[in-house]
>>> print(open('structure.csv').read())   # CSV, N, CA and C atoms
chain,number,residue,atom,x,y,z
A,1,MET,N,62.9,-17.3,55.4
A,1,MET,CA,64.4,-17.4,55.2
A,1,MET,C,65.0,-17.9,56.5
A,2,LYS,N,66.0,-18.8,56.3
A,2,LYS,CA,66.7,-19.4,57.4
A,2,LYS,C,67.6,-18.4,58.1
A,3,LYS,N,67.6,-18.4,59.4
A,3,LYS,CA,68.4,-17.5,60.2
A,3,LYS,C,69.5,-18.4,60.9
A,4,PHE,N,70.7,-18.0,60.8
A,4,PHE,CA,71.8,-18.7,61.4
A,4,PHE,C,72.5,-17.9,62.5
A,5,LEU,N,72.7,-18.5,63.7
A,5,LEU,CA,73.5,-17.9,64.7
A,5,LEU,C,75.0,-18.3,64.4
A,6,VAL,N,75.8,-17.3,64.2
A,6,VAL,CA,77.2,-17.6,63.9
A,6,VAL,C,78.1,-17.1,65.0
A,7,LEU,N,79.0,-17.9,65.5
A,7,LEU,CA,80.0,-17.5,66.4
A,7,LEU,C,81.3,-17.3,65.7
A,8,LEU,N,81.8,-16.1,65.8
A,8,LEU,CA,83.1,-15.8,65.2
A,8,LEU,C,84.1,-15.8,66.3
A,9,ILE,N,85.2,-16.6,66.2
A,9,ILE,CA,86.3,-16.6,67.2
A,9,ILE,C,87.5,-16.0,66.5
A,10,GLU,N,87.7,-14.7,66.8
A,10,GLU,CA,88.7,-13.9,66.1
A,10,GLU,C,89.3,-12.8,67.0
A,11,ASP,N,90.6,-12.7,67.0
A,11,ASP,CA,91.2,-11.7,67.9
A,11,ASP,C,91.5,-10.4,67.3
A,12,ASN,N,91.4,-10.2,66.0
A,12,ASN,CA,91.7,-9.0,65.3
A,12,ASN,C,90.5,-8.2,65.1
A,13,PRO,N,90.3,-7.0,65.8
A,13,PRO,CA,89.1,-6.2,65.7
A,13,PRO,C,88.8,-5.8,64.3
A,14,GLY,N,89.8,-5.5,63.5
A,14,GLY,CA,89.5,-5.1,62.1
A,14,GLY,C,88.9,-6.2,61.3
A,15,ASP,N,89.4,-7.5,61.6
A,15,ASP,CA,88.8,-8.6,60.9
A,15,ASP,C,87.4,-8.9,61.4
A,16,VAL,N,87.1,-8.7,62.7
A,16,VAL,CA,85.8,-8.8,63.2
A,16,VAL,C,84.8,-7.9,62.5
A,17,PHE,N,85.3,-6.6,62.4
A,17,PHE,CA,84.5,-5.6,61.7
A,17,PHE,C,84.2,-6.0,60.2
A,18,LEU,N,85.3,-6.4,59.5
A,18,LEU,CA,85.1,-6.7,58.1
A,18,LEU,C,84.2,-7.9,57.9
A,19,THR,N,84.4,-8.9,58.8
A,19,THR,CA,83.6,-10.1,58.7
A,19,THR,C,82.1,-9.8,59.0
A,20,SER,N,81.9,-9.0,60.0
A,20,SER,CA,80.5,-8.6,60.4
A,20,SER,C,79.9,-7.8,59.2
A,21,GLU,N,80.6,-6.9,58.6
A,21,GLU,CA,80.0,-6.1,57.5
A,21,GLU,C,79.7,-7.1,56.3
A,22,ALA,N,80.6,-8.0,56.0
A,22,ALA,CA,80.4,-8.9,54.9
A,22,ALA,C,79.2,-9.8,55.1
A,23,LEU,N,79.0,-10.3,56.4
A,23,LEU,CA,77.9,-11.2,56.7
A,23,LEU,C,76.6,-10.5,56.5
A,24,GLN,N,76.6,-9.1,56.5
A,24,GLN,CA,75.3,-8.4,56.3
A,24,GLN,C,74.9,-8.6,54.8
A,25,ASP,N,75.8,-8.9,54.0
A,25,ASP,CA,75.4,-9.1,52.5
A,25,ASP,C,75.0,-10.5,52.2
A,26,SER,N,75.0,-11.4,53.2
A,26,SER,CA,74.6,-12.8,53.0
A,26,SER,C,73.1,-12.8,52.6
A,27,LYS,N,72.8,-13.8,51.9
A,27,LYS,CA,71.3,-13.9,51.5
A,27,LYS,C,70.6,-14.6,52.6
A,28,PHE,N,71.3,-15.0,53.7
A,28,PHE,CA,70.6,-15.5,54.9
A,28,PHE,C,70.6,-14.5,56.0
A,29,LEU,N,69.7,-14.6,56.9
A,29,LEU,CA,69.7,-13.8,58.1
A,29,LEU,C,70.8,-14.3,59.1
A,30,ILE,N,71.7,-13.4,59.4
A,30,ILE,CA,72.8,-13.8,60.3
A,30,ILE,C,72.8,-13.1,61.6
A,31,GLU,N,72.8,-13.8,62.7
A,31,GLU,CA,73.0,-13.2,64.0
A,31,GLU,C,74.4,-13.6,64.4
A,32,LEU,N,75.2,-12.5,64.6
A,32,LEU,CA,76.6,-12.8,64.8
A,32,LEU,C,77.0,-12.5,66.3
A,33,ASP,N,77.7,-13.4,66.8
A,33,ASP,CA,78.3,-13.2,68.2
A,33,ASP,C,79.8,-13.5,68.0
A,34,TYR,N,80.6,-12.8,68.8
A,34,TYR,CA,82.0,-13.1,68.7
A,34,TYR,C,82.8,-13.1,70.0
A,35,VAL,N,83.9,-13.8,70.0
A,35,VAL,CA,84.8,-13.8,71.2
A,35,VAL,C,86.2,-13.6,70.6
A,36,SER,N,87.1,-13.1,71.5
A,36,SER,CA,88.4,-12.7,70.9
A,36,SER,C,89.6,-13.6,71.2
A,37,ASN,N,89.3,-14.8,71.8
A,37,ASN,CA,90.4,-15.7,72.0
A,37,ASN,C,89.9,-17.2,72.0
A,38,GLY,N,90.8,-18.1,71.9
A,38,GLY,CA,90.4,-19.5,71.8
A,38,GLY,C,89.8,-20.0,73.1
A,39,LYS,N,90.2,-19.6,74.2
A,39,LYS,CA,89.7,-20.0,75.5
A,39,LYS,C,88.2,-19.5,75.6
A,40,GLU,N,87.9,-18.3,75.3
A,40,GLU,CA,86.6,-17.8,75.3
A,40,GLU,C,85.7,-18.5,74.3
A,41,GLY,N,86.3,-18.9,73.2
A,41,GLY,CA,85.5,-19.7,72.2
A,41,GLY,C,85.1,-21.0,72.8
A,42,VAL,N,86.0,-21.7,73.5
A,42,VAL,CA,85.6,-23.0,74.1
A,42,VAL,C,84.6,-22.8,75.2
A,43,ASP,N,84.8,-21.7,76.0
A,43,ASP,CA,83.9,-21.4,77.1
A,43,ASP,C,82.5,-21.1,76.6
A,44,TYR,N,82.4,-20.4,75.5
A,44,TYR,CA,81.1,-20.1,74.9
A,44,TYR,C,80.4,-21.4,74.4
A,45,LEU,N,81.1,-22.2,73.7
A,45,LEU,CA,80.5,-23.4,73.1
A,45,LEU,C,80.1,-24.4,74.2
A,46,PHE,N,80.9,-24.4,75.3
A,46,PHE,CA,80.5,-25.3,76.4
A,46,PHE,C,79.8,-24.7,77.5
A,47,LYS,N,79.4,-23.4,77.3
A,47,LYS,CA,78.5,-22.6,78.2
A,47,LYS,C,79.1,-22.5,79.6
A,48,ASN,N,80.4,-22.2,79.6
A,48,ASN,CA,81.1,-22.0,80.9
A,48,ASN,C,81.1,-20.6,81.3
A,49,GLY,N,81.1,-20.3,82.6
A,49,GLY,CA,81.2,-19.0,83.2
A,49,GLY,C,80.2,-18.0,82.6
A,50,ASN,N,80.6,-16.9,82.1
A,50,ASN,CA,79.7,-15.8,81.6
A,50,ASN,C,78.9,-16.2,80.4
A,51,PHE,N,79.2,-17.4,79.8
A,51,PHE,CA,78.6,-17.8,78.6
A,51,PHE,C,77.5,-18.9,78.8
A,52,GLU,N,77.1,-19.1,80.1
A,52,GLU,CA,76.1,-20.2,80.4
A,52,GLU,C,74.8,-20.0,79.8
A,53,SER,N,74.4,-18.8,79.5
A,53,SER,CA,73.1,-18.5,78.9
A,53,SER,C,73.1,-18.4,77.4
A,54,LYS,N,74.2,-18.6,76.7
A,54,LYS,CA,74.4,-18.5,75.3
A,54,LYS,C,73.7,-19.7,74.6
A,55,ARG,N,73.1,-19.4,73.4
A,55,ARG,CA,72.6,-20.4,72.6
A,55,ARG,C,73.8,-21.1,71.8
A,56,THR,N,73.6,-22.4,71.5
A,56,THR,CA,74.6,-23.1,70.7
A,56,THR,C,74.5,-22.5,69.3
A,57,PRO,N,75.7,-22.1,68.8
A,57,PRO,CA,75.7,-21.5,67.4
A,57,PRO,C,75.4,-22.6,66.3
A,58,ASP,N,74.9,-22.1,65.2
A,58,ASP,CA,74.6,-22.9,64.1
A,58,ASP,C,75.9,-23.2,63.3
A,59,ILE,N,76.8,-22.2,63.3
A,59,ILE,CA,78.1,-22.2,62.6
A,59,ILE,C,79.1,-21.5,63.4
A,60,VAL,N,80.3,-22.0,63.4
A,60,VAL,CA,81.5,-21.4,64.0
A,60,VAL,C,82.4,-20.9,62.9
A,61,LEU,N,82.8,-19.7,62.9
A,61,LEU,CA,83.9,-19.2,62.1
A,61,LEU,C,85.1,-19.1,63.0
A,62,LEU,N,86.2,-19.8,62.6
A,62,LEU,CA,87.3,-19.9,63.6
A,62,LEU,C,88.6,-19.5,62.9
A,63,ASP,N,89.3,-18.6,63.5
A,63,ASP,CA,90.7,-18.2,63.1
A,63,ASP,C,91.6,-19.3,63.7
A,64,ILE,N,92.8,-19.4,63.1
A,64,ILE,CA,93.8,-20.3,63.6
A,64,ILE,C,94.7,-19.6,64.6
A,65,ASN,N,95.2,-18.4,64.3
A,65,ASN,CA,96.1,-17.7,65.1
A,65,ASN,C,95.4,-16.9,66.2
A,66,LEU,N,95.1,-17.6,67.3
A,66,LEU,CA,94.4,-17.0,68.4
A,66,LEU,C,95.2,-17.0,69.7
A,67,PRO,N,95.0,-16.1,70.6
A,67,PRO,CA,95.7,-16.1,71.9
A,67,PRO,C,95.0,-17.2,72.8
A,68,LEU,N,95.7,-17.7,73.8
A,68,LEU,CA,95.3,-18.6,74.9
A,68,LEU,C,95.1,-20.0,74.4
A,69,LYS,N,94.4,-20.2,73.3
A,69,LYS,CA,94.2,-21.5,72.6
A,69,LYS,C,94.2,-21.2,71.1
A,70,ASN,N,95.0,-21.9,70.3
A,70,ASN,CA,94.9,-21.6,68.9
A,70,ASN,C,93.7,-22.3,68.3
A,71,GLY,N,93.4,-22.0,67.0
A,71,GLY,CA,92.2,-22.6,66.4
A,71,GLY,C,92.2,-24.1,66.2
A,72,HIS,N,93.4,-24.7,66.1
A,72,HIS,CA,93.5,-26.1,66.0
A,72,HIS,C,93.0,-26.8,67.3
A,73,GLU,N,93.5,-26.2,68.4
A,73,GLU,CA,93.1,-26.7,69.7
A,73,GLU,C,91.6,-26.6,69.9
A,74,VAL,N,91.1,-25.4,69.6
A,74,VAL,CA,89.6,-25.2,69.7
A,74,VAL,C,88.9,-26.2,68.9
A,75,LEU,N,89.3,-26.4,67.6
A,75,LEU,CA,88.6,-27.3,66.7
A,75,LEU,C,88.6,-28.7,67.3
A,76,ARG,N,89.7,-29.1,67.8
A,76,ARG,CA,89.8,-30.5,68.3
A,76,ARG,C,88.9,-30.7,69.5
A,77,GLU,N,88.8,-29.6,70.4
A,77,GLU,CA,87.8,-29.7,71.5
A,77,GLU,C,86.4,-29.8,71.1
A,78,ILE,N,86.1,-29.0,70.1
A,78,ILE,CA,84.7,-29.0,69.6
A,78,ILE,C,84.3,-30.3,69.0
A,79,LYS,N,85.2,-30.9,68.2
A,79,LYS,CA,84.9,-32.2,67.6
A,79,LYS,C,85.0,-33.4,68.5
A,80,ALA,N,85.7,-33.2,69.6
A,80,ALA,CA,85.8,-34.4,70.6
A,80,ALA,C,84.6,-34.5,71.5
A,81,ASP,N,83.8,-33.5,71.5
A,81,ASP,CA,82.6,-33.6,72.5
A,81,ASP,C,81.3,-33.9,71.8
A,82,PRO,N,80.6,-34.9,72.3
A,82,PRO,CA,79.3,-35.3,71.6
A,82,PRO,C,78.3,-34.1,71.5
A,83,GLU,N,78.4,-33.2,72.4
A,83,GLU,CA,77.4,-32.1,72.4
A,83,GLU,C,77.7,-31.1,71.3
A,84,THR,N,79.0,-31.0,70.9
A,84,THR,CA,79.3,-29.9,69.9
A,84,THR,C,79.9,-30.4,68.6
A,85,LYS,N,80.1,-31.7,68.5
A,85,LYS,CA,80.9,-32.3,67.4
A,85,LYS,C,80.1,-32.1,66.0
A,86,ASP,N,78.8,-31.9,66.1
A,86,ASP,CA,78.1,-31.7,64.8
A,86,ASP,C,78.0,-30.2,64.4
A,87,ILE,N,78.5,-29.3,65.2
A,87,ILE,CA,78.5,-27.9,64.8
A,87,ILE,C,79.4,-27.7,63.6
A,88,PRO,N,79.0,-27.2,62.5
A,88,PRO,CA,79.9,-26.9,61.4
A,88,PRO,C,80.9,-25.8,61.8
A,89,VAL,N,82.2,-26.1,61.5
A,89,VAL,CA,83.2,-25.1,61.8
A,89,VAL,C,83.9,-24.8,60.5
A,90,ILE,N,83.9,-23.5,60.2
A,90,ILE,CA,84.6,-22.9,59.0
A,90,ILE,C,85.8,-22.3,59.5
A,91,MET,N,87.0,-22.7,59.0
A,91,MET,CA,88.2,-22.1,59.3
A,91,MET,C,88.3,-20.8,58.5
A,92,LEU,N,88.4,-19.7,59.1
A,92,LEU,CA,88.5,-18.4,58.4
A,92,LEU,C,89.8,-17.7,58.9
A,93,THR,N,90.9,-17.8,58.1
A,93,THR,CA,92.2,-17.5,58.6
A,93,THR,C,93.1,-16.9,57.5
A,94,THR,N,94.1,-16.3,57.9
A,94,THR,CA,95.1,-15.7,56.9
A,94,THR,C,96.0,-16.8,56.4
A,95,SER,N,96.1,-17.9,57.1
A,95,SER,CA,97.1,-19.0,56.7
A,95,SER,C,96.6,-19.7,55.4
A,96,SER,N,97.5,-19.7,54.4
A,96,SER,CA,97.2,-20.5,53.2
A,96,SER,C,98.1,-21.7,53.2
A,97,GLY,N,98.8,-21.9,54.3
A,97,GLY,CA,99.8,-23.0,54.4
A,97,GLY,C,99.1,-24.4,54.2
A,98,GLN,N,99.7,-25.2,53.4
A,98,GLN,CA,99.1,-26.6,53.2
A,98,GLN,C,99.0,-27.4,54.5
A,99,SER,N,100.0,-27.2,55.4
A,99,SER,CA,99.9,-27.9,56.7
A,99,SER,C,98.7,-27.5,57.5
A,100,ASP,N,98.4,-26.2,57.5
A,100,ASP,CA,97.2,-25.7,58.3
A,100,ASP,C,95.9,-26.2,57.6
A,101,ILE,N,95.9,-26.2,56.3
A,101,ILE,CA,94.7,-26.7,55.6
A,101,ILE,C,94.5,-28.2,55.8
A,102,MET,N,95.5,-29.0,55.7
A,102,MET,CA,95.4,-30.4,55.9
A,102,MET,C,95.0,-30.7,57.3
A,103,ALA,N,95.7,-30.1,58.3
A,103,ALA,CA,95.4,-30.3,59.7
A,103,ALA,C,94.0,-30.0,60.0
A,104,SER,N,93.5,-28.9,59.5
A,104,SER,CA,92.1,-28.5,59.7
A,104,SER,C,91.1,-29.5,59.3
A,105,TYR,N,91.3,-30.0,58.1
A,105,TYR,CA,90.4,-31.0,57.6
A,105,TYR,C,90.5,-32.4,58.3
A,106,GLN,N,91.8,-32.7,58.7
A,106,GLN,CA,92.0,-33.9,59.5
A,106,GLN,C,91.3,-33.8,60.9
A,107,GLU,N,91.2,-32.5,61.4
A,107,GLU,CA,90.5,-32.3,62.7
A,107,GLU,C,89.0,-32.0,62.5
A,108,GLN,N,88.5,-32.3,61.3
A,108,GLN,CA,87.1,-32.3,61.0
A,108,GLN,C,86.5,-30.9,60.7
A,109,ALA,N,87.3,-29.9,60.3
A,109,ALA,CA,86.7,-28.7,59.9
A,109,ALA,C,85.8,-28.9,58.7
A,110,SER,N,84.7,-28.2,58.6
A,110,SER,CA,83.7,-28.3,57.5
A,110,SER,C,84.2,-27.6,56.3
A,111,CYS,N,84.9,-26.6,56.4
A,111,CYS,CA,85.3,-25.7,55.3
A,111,CYS,C,86.6,-24.9,55.7
A,112,TYR,N,87.4,-24.6,54.7
A,112,TYR,CA,88.6,-23.8,55.0
A,112,TYR,C,88.6,-22.6,54.0
A,113,ILE,N,88.6,-21.4,54.6
A,113,ILE,CA,88.6,-20.2,53.7
A,113,ILE,C,89.8,-19.3,54.1
A,114,VAL,N,90.6,-18.9,53.2
A,114,VAL,CA,91.7,-18.0,53.5
A,114,VAL,C,91.0,-16.6,53.5
A,115,LYS,N,91.3,-15.9,54.6
A,115,LYS,CA,90.7,-14.6,54.9
A,115,LYS,C,91.1,-13.6,53.8
A,116,PRO,N,90.2,-12.9,53.2
A,116,PRO,CA,90.6,-11.9,52.2
A,116,PRO,C,91.5,-10.8,52.8
A,117,ALA,N,92.4,-10.4,51.9
A,117,ALA,CA,93.3,-9.3,52.4
A,117,ALA,C,92.7,-7.9,52.2
A,118,GLU,N,91.8,-7.8,51.3
A,118,GLU,CA,91.2,-6.5,51.0
A,118,GLU,C,89.7,-6.6,51.3
A,119,ALA,N,89.1,-5.5,51.8
A,119,ALA,CA,87.7,-5.4,52.1
A,119,ALA,C,86.8,-5.9,50.9
A,120,GLU,N,87.2,-5.5,49.7
A,120,GLU,CA,86.5,-5.8,48.5
A,120,GLU,C,86.4,-7.3,48.2
A,121,GLN,N,87.4,-8.0,48.7
A,121,GLN,CA,87.5,-9.4,48.5
A,121,GLN,C,86.5,-10.2,49.4
A,122,PHE,N,85.9,-9.6,50.3
A,122,PHE,CA,85.0,-10.3,51.2
A,122,PHE,C,83.7,-10.7,50.4
A,123,GLU,N,83.5,-10.1,49.3
A,123,GLU,CA,82.4,-10.5,48.4
A,123,GLU,C,82.5,-12.0,48.1
A,124,GLU,N,83.7,-12.4,47.8
A,124,GLU,CA,84.0,-13.9,47.4
A,124,GLU,C,83.7,-14.7,48.7
A,125,PHE,N,84.1,-14.2,49.8
A,125,PHE,CA,83.9,-15.0,51.1
A,125,PHE,C,82.4,-15.2,51.3
A,126,ILE,N,81.6,-14.2,51.0
A,126,ILE,CA,80.2,-14.3,51.2
A,126,ILE,C,79.6,-15.3,50.2
A,127,LYS,N,80.1,-15.4,49.0
A,127,LYS,CA,79.6,-16.4,48.1
A,127,LYS,C,79.8,-17.8,48.6
A,128,VAL,N,81.1,-18.0,49.1
A,128,VAL,CA,81.4,-19.3,49.6
A,128,VAL,C,80.6,-19.6,50.9
A,129,PHE,N,80.5,-18.6,51.8
A,129,PHE,CA,79.7,-18.8,53.0
A,129,PHE,C,78.2,-19.1,52.7
A,130,ASP,N,77.6,-18.4,51.7
A,130,ASP,CA,76.2,-18.7,51.4
A,130,ASP,C,76.1,-20.1,50.8
A,131,ARG,N,77.0,-20.5,49.9
A,131,ARG,CA,76.9,-21.8,49.3
A,131,ARG,C,77.0,-22.9,50.5
A,132,PHE,N,77.9,-22.6,51.4
A,132,PHE,CA,78.0,-23.6,52.6
A,132,PHE,C,76.7,-23.6,53.3
A,133,CYS,N,76.1,-22.5,53.6
A,133,CYS,CA,74.9,-22.4,54.4
A,133,CYS,C,73.7,-23.2,53.6
A,134,GLU,N,73.8,-23.1,52.3
A,134,GLU,CA,72.7,-23.8,51.6
A,134,GLU,C,72.8,-25.3,51.8
A,135,THR,N,74.0,-25.8,52.2
A,135,THR,CA,74.1,-27.3,52.4
A,135,THR,C,73.5,-27.6,53.8
A,136,LEU,N,73.2,-26.6,54.6
A,136,LEU,CA,72.7,-26.9,56.0
A,136,LEU,C,71.2,-26.8,56.1
A,137,ILE,N,70.5,-26.4,55.0
A,137,ILE,CA,69.1,-26.3,55.1
A,137,ILE,C,68.4,-27.4,54.3
>>> encode(input="structure.csv", output="structure tokens")
Amino acid sequence: MKKFLVLLIEDNPGDVFLTSEALQDSKFLIELDYVSNGKEGVDYLFKNGNFESKRTPDIVLLDINLPLKNGHEVLREIKADPETKDIPVIMLTTSSGQSDIMASYQEQASCYIVKPAEAEQFEEFIKVFDRFCETLI
């Protein structure tokens, strides 16, 4: 079975917990690492500072509303660099605004998922996540 290293860039501890729990139900083996702001996300991906020994993730789950750098800024930096531009980025955010969705795809997000409001709704997230992962193998 394919194992994926997933980097979650999320500032809400409750959403980190719910996402972590939901990913345990994936049909894929998931190793999850997370950071709590956009600057740390960029540092992780570019192996700056305390992140120099981190492996490059297979997938990034990226919130839009982040401190220090928002998700759109992080996404643009990921896609602008030849070393990271091919990493699939799934926007996982509470925003269902058309402008955020369109901007994310224009900035080369691989997928856009509106974060479930209830823990039970994370089941649908896992179905979409697993279907996305199937495209990577």
>>> closest_residue(input="structure.csv", among="A:Glu77, A:Glu120, A:Glu40, A:Glu31", to="Leu18 in chain A", atoms="only C-alpha atoms")
A:Glu120
>>> select_by_dssp(input="structure.csv", residues="chain A", states="strand (DSSP E or B)", output="JSON, numbers by chain")
{"A": [3, 4, 5, 6, 7, 8, 9, 29, 30, 31, 32, 33, 34, 35, 59, 60, 61, 62, 89, 90, 91, 92, 93, 111, 112, 113, 114]}
>>> residues_around(input="structure.csv", residues="range 41-54 of chain A", least_positions_apart="2", cutoff="8 Å", atoms="all atoms listed in the file", output="list in words")
Leu8, Ile9, Glu10, Tyr34, Val35, Ser36, Asn37, Gly38, Lys39, Thr56, Pro57, Val74, Glu77, Ile78, Glu83 and Thr84 of chain A
>>> closest_residue(input="structure.csv", among="A:Asp58, A:Glu123, A:Leu23, A:Asn65", to="Asp11 in chain A", atoms="all atoms listed in the file")
A:Asn65
>>> residues_around(input="structure.csv", residues="Leu62 in chain A", least_positions_apart="2", cutoff="8 Å", atoms="all atoms listed in the file", output="ChimeraX atom specification")
/A:7-10,59-60,64-65,70-72,75,89-93
>>> closest_residue(input="structure.csv", among="A:Gln121, A:Ser99, A:Gln24, A:Gln108", to="Lys85 in chain A", atoms="only C-alpha atoms")
A:Gln108
>>> atom_distance(input="structure.csv", atom1="atom C of Lys69 in chain A", atom2="CA of Ser95 in chain A")
14.9 Å
>>> atom_distance(input="structure.csv", atom1="atom N of Thr94 in chain A", atom2="CA of Val114 in chain A")
5.3 Å
>>> select_by_dssp(input="structure.csv", residues="range 3-112 of chain A", states="alpha helix (DSSP H)", output="compact mmCIF listing (two decimals) with N, CA and C atoms, in the frame of the given file")
# COMPACT_ATOMS: atom_id res chain seq x y z
N PRO A 13 90.30 -7.00 65.80
CA PRO A 13 89.10 -6.20 65.70
C PRO A 13 88.80 -5.80 64.30
N GLY A 14 89.80 -5.50 63.50
CA GLY A 14 89.50 -5.10 62.10
C GLY A 14 88.90 -6.20 61.30
N ASP A 15 89.40 -7.50 61.60
CA ASP A 15 88.80 -8.60 60.90
C ASP A 15 87.40 -8.90 61.40
N VAL A 16 87.10 -8.70 62.70
CA VAL A 16 85.80 -8.80 63.20
C VAL A 16 84.80 -7.90 62.50
N PHE A 17 85.30 -6.60 62.40
CA PHE A 17 84.50 -5.60 61.70
C PHE A 17 84.20 -6.00 60.20
N LEU A 18 85.30 -6.40 59.50
CA LEU A 18 85.10 -6.70 58.10
C LEU A 18 84.20 -7.90 57.90
N THR A 19 84.40 -8.90 58.80
CA THR A 19 83.60 -10.10 58.70
C THR A 19 82.10 -9.80 59.00
N SER A 20 81.90 -9.00 60.00
CA SER A 20 80.50 -8.60 60.40
C SER A 20 79.90 -7.80 59.20
N GLU A 21 80.60 -6.90 58.60
CA GLU A 21 80.00 -6.10 57.50
C GLU A 21 79.70 -7.10 56.30
N ALA A 22 80.60 -8.00 56.00
CA ALA A 22 80.40 -8.90 54.90
C ALA A 22 79.20 -9.80 55.10
N LEU A 23 79.00 -10.30 56.40
CA LEU A 23 77.90 -11.20 56.70
C LEU A 23 76.60 -10.50 56.50
N GLY A 38 90.80 -18.10 71.90
CA GLY A 38 90.40 -19.50 71.80
C GLY A 38 89.80 -20.00 73.10
N LYS A 39 90.20 -19.60 74.20
CA LYS A 39 89.70 -20.00 75.50
C LYS A 39 88.20 -19.50 75.60
N GLU A 40 87.90 -18.30 75.30
CA GLU A 40 86.60 -17.80 75.30
C GLU A 40 85.70 -18.50 74.30
N GLY A 41 86.30 -18.90 73.20
CA GLY A 41 85.50 -19.70 72.20
C GLY A 41 85.10 -21.00 72.80
N VAL A 42 86.00 -21.70 73.50
CA VAL A 42 85.60 -23.00 74.10
C VAL A 42 84.60 -22.80 75.20
N ASP A 43 84.80 -21.70 76.00
CA ASP A 43 83.90 -21.40 77.10
C ASP A 43 82.50 -21.10 76.60
N TYR A 44 82.40 -20.40 75.50
CA TYR A 44 81.10 -20.10 74.90
C TYR A 44 80.40 -21.40 74.40
N LEU A 45 81.10 -22.20 73.70
CA LEU A 45 80.50 -23.40 73.10
C LEU A 45 80.10 -24.40 74.20
N GLY A 71 93.40 -22.00 67.00
CA GLY A 71 92.20 -22.60 66.40
C GLY A 71 92.20 -24.10 66.20
N HIS A 72 93.40 -24.70 66.10
CA HIS A 72 93.50 -26.10 66.00
C HIS A 72 93.00 -26.80 67.30
N GLU A 73 93.50 -26.20 68.40
CA GLU A 73 93.10 -26.70 69.70
C GLU A 73 91.60 -26.60 69.90
N VAL A 74 91.10 -25.40 69.60
CA VAL A 74 89.60 -25.20 69.70
C VAL A 74 88.90 -26.20 68.90
N LEU A 75 89.30 -26.40 67.60
CA LEU A 75 88.60 -27.30 66.70
C LEU A 75 88.60 -28.70 67.30
N ARG A 76 89.70 -29.10 67.80
CA ARG A 76 89.80 -30.50 68.30
C ARG A 76 88.90 -30.70 69.50
N GLU A 77 88.80 -29.60 70.40
CA GLU A 77 87.80 -29.70 71.50
C GLU A 77 86.40 -29.80 71.10
N ILE A 78 86.10 -29.00 70.10
CA ILE A 78 84.70 -29.00 69.60
C ILE A 78 84.30 -30.30 69.00
N LYS A 79 85.20 -30.90 68.20
CA LYS A 79 84.90 -32.20 67.60
C LYS A 79 85.00 -33.40 68.50
N ALA A 80 85.70 -33.20 69.60
CA ALA A 80 85.80 -34.40 70.60
C ALA A 80 84.60 -34.50 71.50
N GLN A 98 99.70 -25.20 53.40
CA GLN A 98 99.10 -26.60 53.20
C GLN A 98 99.00 -27.40 54.50
N SER A 99 100.00 -27.20 55.40
CA SER A 99 99.90 -27.90 56.70
C SER A 99 98.70 -27.50 57.50
N ASP A 100 98.40 -26.20 57.50
CA ASP A 100 97.20 -25.70 58.30
C ASP A 100 95.90 -26.20 57.60
N ILE A 101 95.90 -26.20 56.30
CA ILE A 101 94.70 -26.70 55.60
C ILE A 101 94.50 -28.20 55.80
N MET A 102 95.50 -29.00 55.70
CA MET A 102 95.40 -30.40 55.90
C MET A 102 95.00 -30.70 57.30
N ALA A 103 95.70 -30.10 58.30
CA ALA A 103 95.40 -30.30 59.70
C ALA A 103 94.00 -30.00 60.00
N SER A 104 93.50 -28.90 59.50
CA SER A 104 92.10 -28.50 59.70
C SER A 104 91.10 -29.50 59.30
N TYR A 105 91.30 -30.00 58.10
CA TYR A 105 90.40 -31.00 57.60
C TYR A 105 90.50 -32.40 58.30
N GLN A 106 91.80 -32.70 58.70
CA GLN A 106 92.00 -33.90 59.50
C GLN A 106 91.30 -33.80 60.90
>>> closest_residue(input="structure.csv", among="A:Lys79, A:Lys27, A:Arg55, A:Lys2", to="Ile126 in chain A", atoms="only C-alpha atoms")
A:Lys27
>>> atom_distance(input="structure.csv", atom1="atom N of Asp25 in chain A", atom2="atom N of Asp86 in chain A")
26.2 Å
>>> closest_residue(input="structure.csv", among="A:Ser96, A:Glu73, A:Lys115, A:Phe132", to="Asn12 in chain A", atoms="only C-alpha atoms")
A:Lys115
